[in-house]
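Pasting run-v9.txt here (compact mmCIF, N, CA and C atoms and all ligand atoms):
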```txt
# COMPACT_ATOMS: atom_id res chain seq x y z
N MET A 6 13.40 146.01 205.58
CA MET A 6 12.55 145.17 206.43
C MET A 6 13.02 145.22 207.88
N ALA A 7 13.14 146.42 208.38
CA ALA A 7 13.63 146.52 209.76
C ALA A 7 12.51 146.77 210.75
N THR A 8 11.32 147.04 210.27
CA THR A 8 10.25 147.35 211.20
C THR A 8 9.11 146.33 211.04
N VAL A 9 8.28 146.27 212.06
CA VAL A 9 7.10 145.41 211.99
C VAL A 9 5.95 146.23 211.40
N GLY A 10 4.92 145.51 210.97
CA GLY A 10 3.77 146.17 210.37
C GLY A 10 4.08 146.60 208.95
N PRO A 11 3.09 147.08 208.20
CA PRO A 11 1.70 147.20 208.64
C PRO A 11 1.07 145.82 208.82
N TRP A 12 -0.03 145.80 209.52
CA TRP A 12 -0.70 144.54 209.82
C TRP A 12 -1.92 144.36 208.93
N ILE A 13 -2.33 143.11 208.83
CA ILE A 13 -3.53 142.76 208.08
C ILE A 13 -4.61 142.45 209.11
N CYS A 14 -5.71 143.16 209.01
CA CYS A 14 -6.80 143.02 209.97
C CYS A 14 -7.34 141.59 209.96
N ASP A 15 -7.48 141.00 211.14
CA ASP A 15 -7.99 139.63 211.25
C ASP A 15 -9.48 139.52 210.98
N VAL A 16 -10.16 140.65 210.88
CA VAL A 16 -11.60 140.61 210.61
C VAL A 16 -11.86 140.86 209.12
N CYS A 17 -11.40 142.00 208.59
CA CYS A 17 -11.72 142.35 207.19
C CYS A 17 -10.61 141.96 206.21
N HIS A 18 -9.46 141.55 206.73
CA HIS A 18 -8.33 141.08 205.92
C HIS A 18 -7.74 142.16 205.01
N MET A 19 -8.00 143.43 205.38
CA MET A 19 -7.39 144.54 204.66
C MET A 19 -6.22 145.07 205.49
N GLU A 20 -5.25 145.66 204.80
CA GLU A 20 -4.10 146.22 205.50
C GLU A 20 -4.56 147.38 206.40
N ILE A 21 -3.97 147.46 207.58
CA ILE A 21 -4.28 148.55 208.51
C ILE A 21 -3.21 149.62 208.30
N ARG A 22 -3.59 150.69 207.63
CA ARG A 22 -2.61 151.71 207.24
C ARG A 22 -2.35 152.74 208.34
N ASP A 23 -3.35 153.00 209.17
CA ASP A 23 -3.21 154.01 210.23
C ASP A 23 -2.94 153.29 211.55
N ILE A 24 -1.69 153.36 212.02
CA ILE A 24 -1.32 152.61 213.22
C ILE A 24 -2.11 153.08 214.44
N SER A 25 -2.59 154.32 214.43
CA SER A 25 -3.38 154.79 215.57
C SER A 25 -4.75 154.12 215.63
N LYS A 26 -5.14 153.46 214.53
CA LYS A 26 -6.42 152.73 214.49
C LYS A 26 -6.19 151.21 214.53
N CYS A 27 -4.99 150.81 214.90
CA CYS A 27 -4.64 149.39 214.91
C CYS A 27 -4.69 148.89 216.36
N TYR A 28 -5.59 147.98 216.62
CA TYR A 28 -5.78 147.49 217.97
C TYR A 28 -5.61 145.99 218.06
N VAL A 29 -5.24 145.56 219.26
CA VAL A 29 -5.18 144.14 219.55
C VAL A 29 -6.36 143.83 220.46
N VAL A 30 -7.10 142.81 220.10
CA VAL A 30 -8.21 142.37 220.95
C VAL A 30 -8.01 140.90 221.25
N TRP A 31 -8.43 140.48 222.44
CA TRP A 31 -8.33 139.07 222.75
C TRP A 31 -9.42 138.69 223.74
N ARG A 32 -9.52 137.40 223.94
CA ARG A 32 -10.61 136.89 224.77
C ARG A 32 -10.05 136.38 226.09
N TYR A 33 -10.93 136.34 227.06
CA TYR A 33 -10.58 135.78 228.35
C TYR A 33 -11.67 134.79 228.77
N GLY A 34 -11.24 133.66 229.20
CA GLY A 34 -12.16 132.69 229.77
C GLY A 34 -11.54 132.13 231.03
N GLU A 35 -12.37 131.82 232.01
CA GLU A 35 -11.83 131.34 233.27
C GLU A 35 -10.99 130.08 233.06
N ALA A 36 -11.44 129.19 232.20
CA ALA A 36 -10.71 127.96 231.96
C ALA A 36 -9.53 128.17 231.00
N GLU A 37 -9.72 129.04 230.01
CA GLU A 37 -8.69 129.19 228.97
C GLU A 37 -7.68 130.28 229.27
N GLY A 38 -7.97 131.16 230.21
CA GLY A 38 -7.12 132.33 230.39
C GLY A 38 -7.25 133.24 229.18
N TYR A 39 -6.18 133.97 228.89
CA TYR A 39 -6.19 134.85 227.72
C TYR A 39 -5.92 134.02 226.47
N HIS A 40 -6.66 134.29 225.42
CA HIS A 40 -6.45 133.55 224.19
C HIS A 40 -7.05 134.30 223.00
N ASP A 41 -6.70 133.80 221.82
CA ASP A 41 -7.26 134.30 220.56
C ASP A 41 -6.94 135.78 220.34
N PHE A 42 -5.66 136.08 220.32
CA PHE A 42 -5.20 137.46 220.09
C PHE A 42 -5.40 137.81 218.62
N ASN A 43 -6.11 138.89 218.35
CA ASN A 43 -6.36 139.35 216.99
C ASN A 43 -5.88 140.79 216.84
N ILE A 44 -5.38 141.10 215.66
CA ILE A 44 -5.01 142.47 215.34
C ILE A 44 -6.06 142.99 214.37
N ILE A 45 -6.68 144.12 214.72
CA ILE A 45 -7.84 144.60 213.96
C ILE A 45 -7.81 146.11 213.77
N HIS A 46 -8.63 146.57 212.80
CA HIS A 46 -8.94 147.99 212.71
C HIS A 46 -9.83 148.35 213.90
N GLN A 47 -9.54 149.49 214.52
CA GLN A 47 -10.46 149.98 215.55
C GLN A 47 -11.51 150.83 214.85
N ARG A 48 -12.53 150.15 214.35
CA ARG A 48 -13.66 150.82 213.71
C ARG A 48 -14.85 149.89 213.84
N PRO A 49 -16.06 150.42 213.77
CA PRO A 49 -17.24 149.60 214.03
C PRO A 49 -17.33 148.34 213.17
N LEU A 50 -16.91 148.44 211.91
CA LEU A 50 -16.98 147.29 211.02
C LEU A 50 -16.16 146.10 211.54
N CYS A 51 -15.02 146.36 212.14
CA CYS A 51 -14.11 145.28 212.54
C CYS A 51 -14.10 145.03 214.05
N ASP A 52 -14.40 146.04 214.82
CA ASP A 52 -14.31 145.93 216.28
C ASP A 52 -15.73 145.78 216.85
N ASN A 53 -16.38 144.70 216.49
CA ASN A 53 -17.80 144.54 216.86
C ASN A 53 -18.10 143.16 217.44
N ARG A 54 -17.09 142.51 218.00
CA ARG A 54 -17.30 141.17 218.53
C ARG A 54 -17.22 141.22 220.06
N PRO A 55 -18.36 141.16 220.73
CA PRO A 55 -18.38 141.34 222.18
C PRO A 55 -17.61 140.27 222.95
N GLU A 56 -17.34 139.14 222.33
CA GLU A 56 -16.59 138.09 223.04
C GLU A 56 -15.11 138.45 223.23
N TYR A 57 -14.66 139.44 222.48
CA TYR A 57 -13.28 139.92 222.65
C TYR A 57 -13.32 141.03 223.70
N THR A 58 -13.08 140.66 224.94
CA THR A 58 -13.34 141.56 226.06
C THR A 58 -12.13 142.39 226.47
N VAL A 59 -10.98 142.09 225.91
CA VAL A 59 -9.77 142.82 226.29
C VAL A 59 -9.17 143.45 225.04
N SER A 60 -8.68 144.70 225.16
CA SER A 60 -8.07 145.35 224.00
C SER A 60 -7.02 146.35 224.44
N LEU A 61 -6.04 146.53 223.58
CA LEU A 61 -4.99 147.54 223.77
C LEU A 61 -4.52 147.98 222.39
N PRO A 62 -3.97 149.20 222.29
CA PRO A 62 -3.39 149.61 221.01
C PRO A 62 -2.21 148.71 220.65
N VAL A 63 -2.03 148.46 219.37
CA VAL A 63 -0.92 147.60 218.94
C VAL A 63 0.42 148.18 219.39
N THR A 64 0.48 149.51 219.51
CA THR A 64 1.74 150.14 219.90
C THR A 64 2.21 149.70 221.29
N ASP A 65 1.29 149.20 222.11
CA ASP A 65 1.68 148.70 223.43
C ASP A 65 2.51 147.42 223.36
N PHE A 66 2.57 146.82 222.17
CA PHE A 66 3.28 145.54 222.04
C PHE A 66 4.52 145.66 221.14
N LEU A 67 4.90 146.88 220.80
CA LEU A 67 6.02 147.08 219.88
C LEU A 67 7.31 147.40 220.63
N GLY A 68 8.42 147.03 220.03
CA GLY A 68 9.73 147.40 220.55
C GLY A 68 10.07 146.66 221.84
N PRO A 69 11.14 147.09 222.50
CA PRO A 69 11.58 146.41 223.72
C PRO A 69 10.54 146.46 224.85
N ASP A 70 9.84 147.59 224.99
CA ASP A 70 8.82 147.66 226.04
C ASP A 70 7.63 146.77 225.70
N GLY A 71 7.32 146.67 224.41
CA GLY A 71 6.27 145.75 223.98
C GLY A 71 6.64 144.31 224.27
N LEU A 72 7.91 143.99 224.05
CA LEU A 72 8.37 142.63 224.36
C LEU A 72 8.27 142.36 225.87
N ALA A 73 8.62 143.38 226.67
CA ALA A 73 8.48 143.23 228.12
C ALA A 73 7.03 142.93 228.49
N HIS A 74 6.11 143.61 227.82
CA HIS A 74 4.68 143.38 228.06
C HIS A 74 4.28 141.97 227.65
N LEU A 75 4.71 141.56 226.46
CA LEU A 75 4.36 140.23 225.96
C LEU A 75 4.89 139.13 226.88
N LEU A 76 6.12 139.30 227.32
CA LEU A 76 6.72 138.26 228.16
C LEU A 76 6.04 138.16 229.52
N SER A 77 5.40 139.26 229.96
CA SER A 77 4.72 139.20 231.25
C SER A 77 3.50 138.26 231.21
N PHE A 78 3.04 137.92 230.00
CA PHE A 78 1.98 136.92 229.89
C PHE A 78 2.53 135.53 230.22
N LEU A 79 3.83 135.37 230.04
CA LEU A 79 4.45 134.06 230.25
C LEU A 79 5.08 133.94 231.63
N SER A 80 5.64 135.04 232.12
CA SER A 80 6.30 135.03 233.42
C SER A 80 6.28 136.45 233.97
N GLU A 81 5.97 136.56 235.23
CA GLU A 81 5.96 137.89 235.82
C GLU A 81 7.36 138.34 236.20
N GLY A 82 8.33 137.47 236.07
CA GLY A 82 9.72 137.86 236.23
C GLY A 82 10.17 137.94 237.67
N PRO A 83 11.47 138.16 237.86
CA PRO A 83 12.05 138.08 239.20
C PRO A 83 11.58 139.16 240.17
N VAL A 84 11.28 140.36 239.69
CA VAL A 84 10.90 141.44 240.61
C VAL A 84 9.59 141.12 241.30
N ARG A 85 8.59 140.80 240.49
CA ARG A 85 7.28 140.51 241.06
C ARG A 85 7.29 139.20 241.85
N ASN A 86 8.09 138.26 241.39
CA ASN A 86 8.14 136.97 242.07
C ASN A 86 8.76 137.08 243.46
N LEU A 87 9.45 138.19 243.75
CA LEU A 87 10.02 138.39 245.09
C LEU A 87 8.92 138.72 246.10
N ASN A 88 7.77 139.18 245.60
CA ASN A 88 6.68 139.55 246.51
C ASN A 88 5.89 138.32 246.91
N PRO A 89 5.85 138.03 248.20
CA PRO A 89 5.04 136.90 248.62
C PRO A 89 3.58 137.15 248.30
N GLY A 90 2.91 136.15 247.80
CA GLY A 90 1.50 136.29 247.47
C GLY A 90 1.24 136.87 246.10
N ALA A 91 2.30 137.16 245.35
CA ALA A 91 2.08 137.68 244.00
C ALA A 91 1.39 136.61 243.16
N SER A 92 0.51 137.06 242.31
CA SER A 92 -0.24 136.09 241.50
C SER A 92 0.64 135.57 240.37
N SER A 93 0.26 134.45 239.84
CA SER A 93 0.97 133.88 238.70
C SER A 93 0.41 134.48 237.43
N PRO A 94 1.19 134.41 236.34
CA PRO A 94 0.64 134.90 235.07
C PRO A 94 -0.61 134.10 234.70
N MET A 95 -1.48 134.75 233.94
CA MET A 95 -2.68 134.09 233.45
C MET A 95 -2.28 132.93 232.55
N PRO A 96 -2.87 131.76 232.74
CA PRO A 96 -2.50 130.67 231.84
C PRO A 96 -2.92 130.97 230.40
N LEU A 97 -2.10 130.57 229.47
CA LEU A 97 -2.41 130.73 228.05
C LEU A 97 -2.76 129.34 227.51
N SER A 98 -3.96 129.20 226.99
CA SER A 98 -4.40 127.88 226.53
C SER A 98 -3.91 127.58 225.11
N ASP A 99 -3.42 128.59 224.41
CA ASP A 99 -2.99 128.39 223.03
C ASP A 99 -1.61 129.01 222.82
N PRO A 100 -0.57 128.31 223.30
CA PRO A 100 0.77 128.91 223.16
C PRO A 100 1.17 129.16 221.71
N ASP A 101 0.75 128.31 220.78
CA ASP A 101 1.09 128.55 219.37
C ASP A 101 0.46 129.86 218.87
N GLY A 102 -0.78 130.10 219.25
CA GLY A 102 -1.45 131.33 218.86
C GLY A 102 -0.78 132.55 219.49
N PHE A 103 -0.35 132.40 220.73
CA PHE A 103 0.31 133.53 221.40
C PHE A 103 1.66 133.82 220.76
N VAL A 104 2.41 132.79 220.44
CA VAL A 104 3.71 132.99 219.79
C VAL A 104 3.51 133.61 218.40
N ASP A 105 2.49 133.20 217.70
CA ASP A 105 2.18 133.82 216.40
C ASP A 105 1.94 135.33 216.60
N PHE A 106 1.20 135.67 217.63
CA PHE A 106 0.95 137.09 217.93
C PHE A 106 2.27 137.81 218.26
N ILE A 107 3.12 137.19 219.07
CA ILE A 107 4.41 137.81 219.40
C ILE A 107 5.20 138.06 218.12
N ARG A 108 5.24 137.07 217.24
CA ARG A 108 5.99 137.26 215.99
C ARG A 108 5.38 138.38 215.15
N ARG A 109 4.08 138.50 215.14
CA ARG A 109 3.42 139.55 214.34
C ARG A 109 3.82 140.95 214.80
N VAL A 110 4.05 141.12 216.08
CA VAL A 110 4.36 142.46 216.59
C VAL A 110 5.85 142.68 216.87
N GLN A 111 6.66 141.61 216.75
CA GLN A 111 8.07 141.75 217.07
C GLN A 111 9.02 141.38 215.92
N THR A 112 8.57 140.57 214.97
CA THR A 112 9.47 140.07 213.93
C THR A 112 9.19 140.77 212.61
N PRO A 113 10.12 141.62 212.16
CA PRO A 113 9.91 142.31 210.88
C PRO A 113 9.65 141.32 209.74
N GLY A 114 8.65 141.63 208.93
CA GLY A 114 8.32 140.82 207.76
C GLY A 114 7.40 139.65 208.04
N TYR A 115 7.27 139.26 209.29
CA TYR A 115 6.47 138.07 209.62
C TYR A 115 5.01 138.21 209.22
N GLU A 116 4.45 139.41 209.35
CA GLU A 116 3.02 139.60 209.07
C GLU A 116 2.67 139.13 207.66
N TYR A 117 3.53 139.44 206.68
CA TYR A 117 3.23 139.02 205.31
C TYR A 117 3.74 137.61 205.04
N ALA A 118 4.84 137.23 205.67
CA ALA A 118 5.37 135.88 205.47
C ALA A 118 4.37 134.83 205.97
N ARG A 119 3.69 135.13 207.08
CA ARG A 119 2.78 134.14 207.69
C ARG A 119 1.62 133.78 206.76
N CYS A 120 1.33 134.67 205.80
CA CYS A 120 0.26 134.39 204.85
C CYS A 120 0.66 133.26 203.90
N ARG A 121 1.94 132.95 203.82
CA ARG A 121 2.43 131.96 202.86
C ARG A 121 2.76 130.61 203.48
N TYR A 122 2.77 130.52 204.81
CA TYR A 122 3.27 129.29 205.43
C TYR A 122 2.42 128.06 205.14
N HIS A 123 1.19 128.24 204.72
CA HIS A 123 0.35 127.07 204.40
C HIS A 123 0.41 126.70 202.92
N ASP A 124 1.10 127.51 202.11
CA ASP A 124 1.23 127.20 200.69
C ASP A 124 2.13 125.97 200.51
N SER A 125 1.74 125.12 199.59
CA SER A 125 2.46 123.84 199.45
C SER A 125 3.93 124.03 199.06
N ASP A 126 4.24 125.02 198.22
CA ASP A 126 5.64 125.21 197.83
C ASP A 126 6.47 125.68 199.03
N VAL A 127 5.90 126.52 199.86
CA VAL A 127 6.62 127.01 201.04
C VAL A 127 6.79 125.87 202.04
N ARG A 128 5.74 125.09 202.25
CA ARG A 128 5.83 123.95 203.16
C ARG A 128 6.91 122.98 202.70
N ALA A 129 6.95 122.74 201.39
CA ALA A 129 7.95 121.81 200.85
C ALA A 129 9.36 122.36 201.05
N SER A 130 9.52 123.66 200.86
CA SER A 130 10.86 124.23 200.98
C SER A 130 11.35 124.22 202.44
N TYR A 131 10.42 124.16 203.39
CA TYR A 131 10.82 124.14 204.80
C TYR A 131 10.78 122.75 205.41
N ALA A 132 10.54 121.74 204.60
CA ALA A 132 10.56 120.37 205.14
C ALA A 132 11.94 120.12 205.72
N GLY A 133 12.01 119.72 206.93
CA GLY A 133 13.30 119.44 207.57
C GLY A 133 13.95 120.66 208.20
N ALA A 134 13.31 121.82 208.13
CA ALA A 134 13.87 123.03 208.74
C ALA A 134 13.80 122.91 210.26
N THR A 135 14.66 123.63 210.95
CA THR A 135 14.59 123.67 212.41
C THR A 135 13.31 124.41 212.83
N GLU A 136 13.04 124.39 214.13
CA GLU A 136 11.84 125.03 214.65
C GLU A 136 11.87 126.55 214.44
N PHE A 137 13.04 127.13 214.38
CA PHE A 137 13.10 128.59 214.32
C PHE A 137 13.54 129.15 212.97
N HIS A 138 14.20 128.33 212.15
CA HIS A 138 14.75 128.87 210.91
C HIS A 138 13.74 129.62 210.03
N PRO A 139 12.52 129.09 209.83
CA PRO A 139 11.58 129.82 208.95
C PRO A 139 11.25 131.23 209.45
N TYR A 140 11.50 131.50 210.72
CA TYR A 140 11.12 132.79 211.30
C TYR A 140 12.31 133.73 211.47
N THR A 141 13.46 133.31 210.95
CA THR A 141 14.63 134.19 210.99
C THR A 141 14.47 135.28 209.92
N GLN A 142 15.19 136.36 210.10
CA GLN A 142 15.11 137.46 209.14
C GLN A 142 15.56 137.03 207.75
N ALA A 143 16.59 136.17 207.68
CA ALA A 143 17.07 135.71 206.37
C ALA A 143 16.00 134.91 205.65
N ALA A 144 15.33 134.01 206.37
CA ALA A 144 14.30 133.17 205.74
C ALA A 144 13.09 134.01 205.33
N ILE A 145 12.69 134.92 206.18
CA ILE A 145 11.53 135.77 205.86
C ILE A 145 11.84 136.66 204.66
N LYS A 146 13.04 137.22 204.65
CA LYS A 146 13.45 138.08 203.53
C LYS A 146 13.44 137.30 202.22
N LYS A 147 13.95 136.07 202.27
CA LYS A 147 13.99 135.22 201.07
C LYS A 147 12.57 134.88 200.60
N LEU A 148 11.71 134.56 201.53
CA LEU A 148 10.32 134.22 201.18
C LEU A 148 9.60 135.41 200.55
N LEU A 149 9.75 136.58 201.14
CA LEU A 149 9.07 137.76 200.62
C LEU A 149 9.67 138.21 199.28
N ALA A 150 10.97 138.01 199.11
CA ALA A 150 11.62 138.36 197.84
C ALA A 150 11.12 137.44 196.73
N ALA A 151 10.98 136.15 197.03
CA ALA A 151 10.48 135.19 196.03
C ALA A 151 9.06 135.53 195.62
N GLU A 152 8.27 136.03 196.60
CA GLU A 152 6.88 136.38 196.32
C GLU A 152 6.77 137.56 195.37
N SER A 153 7.71 138.49 195.48
CA SER A 153 7.62 139.70 194.65
C SER A 153 8.25 139.53 193.28
N GLU A 154 8.84 138.35 193.00
CA GLU A 154 9.45 138.11 191.69
C GLU A 154 8.41 137.89 190.62
ZN ZN G 1 -10.53 145.51 209.51
```

What is this structure when it is put down as structure tokens?
Amino acid sequence: MATVGPWICDVCHMEIRDISKCYVVWRYGEAEGYHDFNIIHQRPLCDNRPEYTVSLPVTDFLGPDGLAHLLSFLSEGPVRNLNPGASSPMPLSDPDGFVDFIRRVQTPGYEYARCRYHDSDVRASYAGATEFHPYTQAAIKKLLAAESE
């Protein structure tokens, strides 16, 4: 469990086996900024919602350079901030949704673990957990191992 993916398409709910056909789409609204990040198959059946006006290949969000890209949504960082008149990052109206997206592309095992977080047994087992413990590699590994038993 050292790598991220494969992903489950947010439209058809099938696994995306070909990473070259795996895209991230999201919406932009003047009031909301960027929001509603979805991971989808790049094919007519799944990529047919005109309200999702922004898209990039999932590979743009993987690894250390992908993390650099993701973090630029939150802060443009010290280099750009040195430029007078530099714009601020686009506001994100749904930080929980954005963090879920970050975990999907950066945290190994999270894609399948997240399918279980609403199950009552999993919720009960995490009652009293810290904010980050359920998303650690040890917790995700334990959850996925229990599922395959
Ligand atoms: Zn799909």

Practice prompt. Taking all atoms listed in the file into account, report as a VMD selection string which residues have an atom no farther than 8 Å from an atom of ligand ZN 1 (chain G).
Written response: chain A and resid 13 to 21 44 to 48 50 to 52

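The closest residue to Gly34 of chain A, picked from A:Pro96, A:Gly114, A:Gly133, A:Pro139 and counting only C-alpha atoms, is A:Pro96.
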
Item to complete: Using backbone DSSP assignments, extract all strand (DSSP E) residues from segment 6-139 of chain A; output them as a PyMOL selection string.
Response: chain A and resi 12-13+20-21+27-34+38-46+59-62

Could the residues in this selection be saved with N, CA and C atoms as a tab-separated table (two decimals), in the frame of the given file?
```tsv
chain	number	residue	atom	x	y	z
A	12	TRP	N	-0.03	145.80	209.52
A	12	TRP	CA	-0.70	144.54	209.82
A	12	TRP	C	-1.92	144.36	208.93
A	13	ILE	N	-2.33	143.11	208.83
A	13	ILE	CA	-3.53	142.76	208.08
A	13	ILE	C	-4.61	142.45	209.11
A	20	GLU	N	-5.25	145.66	204.80
A	20	GLU	CA	-4.10	146.22	205.50
A	20	GLU	C	-4.56	147.38	206.40
A	21	ILE	N	-3.97	147.46	207.58
A	21	ILE	CA	-4.28	148.55	208.51
A	21	ILE	C	-3.21	149.62	208.30
A	27	CYS	N	-4.99	150.81	214.90
A	27	CYS	CA	-4.64	149.39	214.91
A	27	CYS	C	-4.69	148.89	216.36
A	28	TYR	N	-5.59	147.98	216.62
A	28	TYR	CA	-5.78	147.49	217.97
A	28	TYR	C	-5.61	145.99	218.06
A	29	VAL	N	-5.24	145.56	219.26
A	29	VAL	CA	-5.18	144.14	219.55
A	29	VAL	C	-6.36	143.83	220.46
A	30	VAL	N	-7.10	142.81	220.10
A	30	VAL	CA	-8.21	142.37	220.95
A	30	VAL	C	-8.01	140.90	221.25
A	31	TRP	N	-8.43	140.48	222.44
A	31	TRP	CA	-8.33	139.07	222.75
A	31	TRP	C	-9.42	138.69	223.74
A	32	ARG	N	-9.52	137.40	223.94
A	32	ARG	CA	-10.61	136.89	224.77
A	32	ARG	C	-10.05	136.38	226.09
A	33	TYR	N	-10.93	136.34	227.06
A	33	TYR	CA	-10.58	135.78	228.35
A	33	TYR	C	-11.67	134.79	228.77
A	34	GLY	N	-11.24	133.66	229.20
A	34	GLY	CA	-12.16	132.69	229.77
A	34	GLY	C	-11.54	132.13	231.03
A	38	GLY	N	-7.97	131.16	230.21
A	38	GLY	CA	-7.12	132.33	230.39
A	38	GLY	C	-7.25	133.24	229.18
A	39	TYR	N	-6.18	133.97	228.89
A	39	TYR	CA	-6.19	134.85	227.72
A	39	TYR	C	-5.92	134.02	226.47
A	40	HIS	N	-6.66	134.29	225.42
A	40	HIS	CA	-6.45	133.55	224.19
A	40	HIS	C	-7.05	134.30	223.00
A	41	ASP	N	-6.70	133.80	221.82
A	41	ASP	CA	-7.26	134.30	220.56
A	41	ASP	C	-6.94	135.78	220.34
A	42	PHE	N	-5.66	136.08	220.32
A	42	PHE	CA	-5.20	137.46	220.09
A	42	PHE	C	-5.40	137.81	218.62
A	43	ASN	N	-6.11	138.89	218.35
A	43	ASN	CA	-6.36	139.35	216.99
A	43	ASN	C	-5.88	140.79	216.84
A	44	ILE	N	-5.38	141.10	215.66
A	44	ILE	CA	-5.01	142.47	215.34
A	44	ILE	C	-6.06	142.99	214.37
A	45	ILE	N	-6.68	144.12	214.72
A	45	ILE	CA	-7.84	144.60	213.96
A	45	ILE	C	-7.81	146.11	213.77
A	46	HIS	N	-8.63	146.57	212.80
A	46	HIS	CA	-8.94	147.99	212.71
A	46	HIS	C	-9.83	148.35	213.90
A	59	VAL	N	-10.98	142.09	225.91
A	59	VAL	CA	-9.77	142.82	226.29
A	59	VAL	C	-9.17	143.45	225.04
A	60	SER	N	-8.68	144.70	225.16
A	60	SER	CA	-8.07	145.35	224.00
A	60	SER	C	-7.02	146.35	224.44
A	61	LEU	N	-6.04	146.53	223.58
A	61	LEU	CA	-4.99	147.54	223.77
A	61	LEU	C	-4.52	147.98	222.39
A	62	PRO	N	-3.97	149.20	222.29
A	62	PRO	CA	-3.39	149.61	221.01
A	62	PRO	C	-2.21	148.71	220.65
```

Test item: residues at most 5 Å from segment 56-72 of chain A, only N, CA and C atoms, excluding those fewer than 3 positions along its chain, as a PDB file with N, CA and C atoms, in the coordinates of the input:
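Writing the result to out-v3.pdb gives the following:
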```pdb
ATOM      1  N   CYS A  27      -4.990 150.810 214.900  1.00  0.00           N
ATOM      2  CA  CYS A  27      -4.640 149.390 214.910  1.00  0.00           C
ATOM      3  C   CYS A  27      -4.690 148.890 216.360  1.00  0.00           C
ATOM      4  N   TYR A  28      -5.590 147.980 216.620  1.00  0.00           N
ATOM      5  CA  TYR A  28      -5.780 147.490 217.970  1.00  0.00           C
ATOM      6  C   TYR A  28      -5.610 145.990 218.060  1.00  0.00           C
ATOM      7  N   VAL A  29      -5.240 145.560 219.260  1.00  0.00           N
ATOM      8  CA  VAL A  29      -5.180 144.140 219.550  1.00  0.00           C
ATOM      9  C   VAL A  29      -6.360 143.830 220.460  1.00  0.00           C
ATOM     10  N   VAL A  30      -7.100 142.810 220.100  1.00  0.00           N
ATOM     11  CA  VAL A  30      -8.210 142.370 220.950  1.00  0.00           C
ATOM     12  C   VAL A  30      -8.010 140.900 221.250  1.00  0.00           C
ATOM     13  N   TRP A  31      -8.430 140.480 222.440  1.00  0.00           N
ATOM     14  CA  TRP A  31      -8.330 139.070 222.750  1.00  0.00           C
ATOM     15  C   TRP A  31      -9.420 138.690 223.740  1.00  0.00           C
ATOM     16  N   ARG A  32      -9.520 137.400 223.940  1.00  0.00           N
ATOM     17  CA  ARG A  32     -10.610 136.890 224.770  1.00  0.00           C
ATOM     18  C   ARG A  32     -10.050 136.380 226.090  1.00  0.00           C
ATOM     19  N   LEU A  75       4.710 141.560 226.460  1.00  0.00           N
ATOM     20  CA  LEU A  75       4.360 140.230 225.960  1.00  0.00           C
ATOM     21  C   LEU A  75       4.890 139.130 226.880  1.00  0.00           C
ATOM     22  N   LEU A  76       6.120 139.300 227.320  1.00  0.00           N
ATOM     23  CA  LEU A  76       6.720 138.260 228.160  1.00  0.00           C
ATOM     24  C   LEU A  76       6.040 138.160 229.520  1.00  0.00           C
TER      25      LEU A  76
END
```

Pull the closest atom pair for each residue of segment 73-138 of chain A that gets at most 9 Å from segment 142-152 of chain A, along with the distance in Å to one decimal, counting only C-alpha atoms, ordering rows by chain and then ascending residue number, as CSV.
```
residue,atom,partner,partner_atom,distance
A:Thr112,CA,A:Gln142,CA,7.8
A:Pro113,CA,A:Gln142,CA,7.3
A:Gly114,CA,A:Ile145,CA,6.3
A:Tyr115,CA,A:Ile145,CA,6.7
A:Tyr117,CA,A:Leu149,CA,7.6
A:Ala118,CA,A:Ile145,CA,6.2
A:Arg121,CA,A:Leu148,CA,8.4
A:Val127,CA,A:Leu148,CA,8.1
A:His138,CA,A:Ala144,CA,6.7
```

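With only C-alpha atoms as the atoms that count, the minimum distance from Arg109 of chain A to the choices A:Glu37, A:Pro49, A:Tyr140, A:Glu154 is reached by A:Tyr140.
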
Worksheet item: Where in chain A does DSSP assign helix (DSSP H, G or I), given as a PyMOL selection string?
Response: chain A and resi 24-26+63-66+68-76+82-86+100-111+115-118+125-130+138-140+142-152

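Interatomic distance, atom CA of Phe137 of chain A to atom CA of Tyr122 of chain A: 13.3 Å.
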
Worksheet entry | Distance of atom CA of Ala134 of chain A from atom C of Asp99 of chain A, expressed in Å to one decimal place | 21.8 Å

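In this model, the gap between atom N of Phe103 of chain A and atom C of Ala129 of chain A comes to 24.1 Å.
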
Discussion item. Residues near Arg22 of chain A, anyone? I mean within 6.5 Å using only N, CA and C atoms, not counting same-chain ones fewer than 2 positions away, as JSON, numbers by chain.
Written reply: {"A": [11, 12, 20, 24, 25]}

At a cut-off of 8 Å, using only C-alpha atoms, what residues contact Gly102 of chain A? Leave out same-chain residues fewer than 6 positions from it and give the result as a PDB file with N, CA and C atoms, in the frame of the given file.
```
ATOM      1  N   HIS A  40      -6.660 134.290 225.420  1.00  0.00           N
ATOM      2  CA  HIS A  40      -6.450 133.550 224.190  1.00  0.00           C
ATOM      3  C   HIS A  40      -7.050 134.300 223.000  1.00  0.00           C
ATOM      4  N   ASP A  41      -6.700 133.800 221.820  1.00  0.00           N
ATOM      5  CA  ASP A  41      -7.260 134.300 220.560  1.00  0.00           C
ATOM      6  C   ASP A  41      -6.940 135.780 220.340  1.00  0.00           C
ATOM      7  N   PHE A  42      -5.660 136.080 220.320  1.00  0.00           N
ATOM      8  CA  PHE A  42      -5.200 137.460 220.090  1.00  0.00           C
ATOM      9  C   PHE A  42      -5.400 137.810 218.620  1.00  0.00           C
TER      10      PHE A  42
END
```
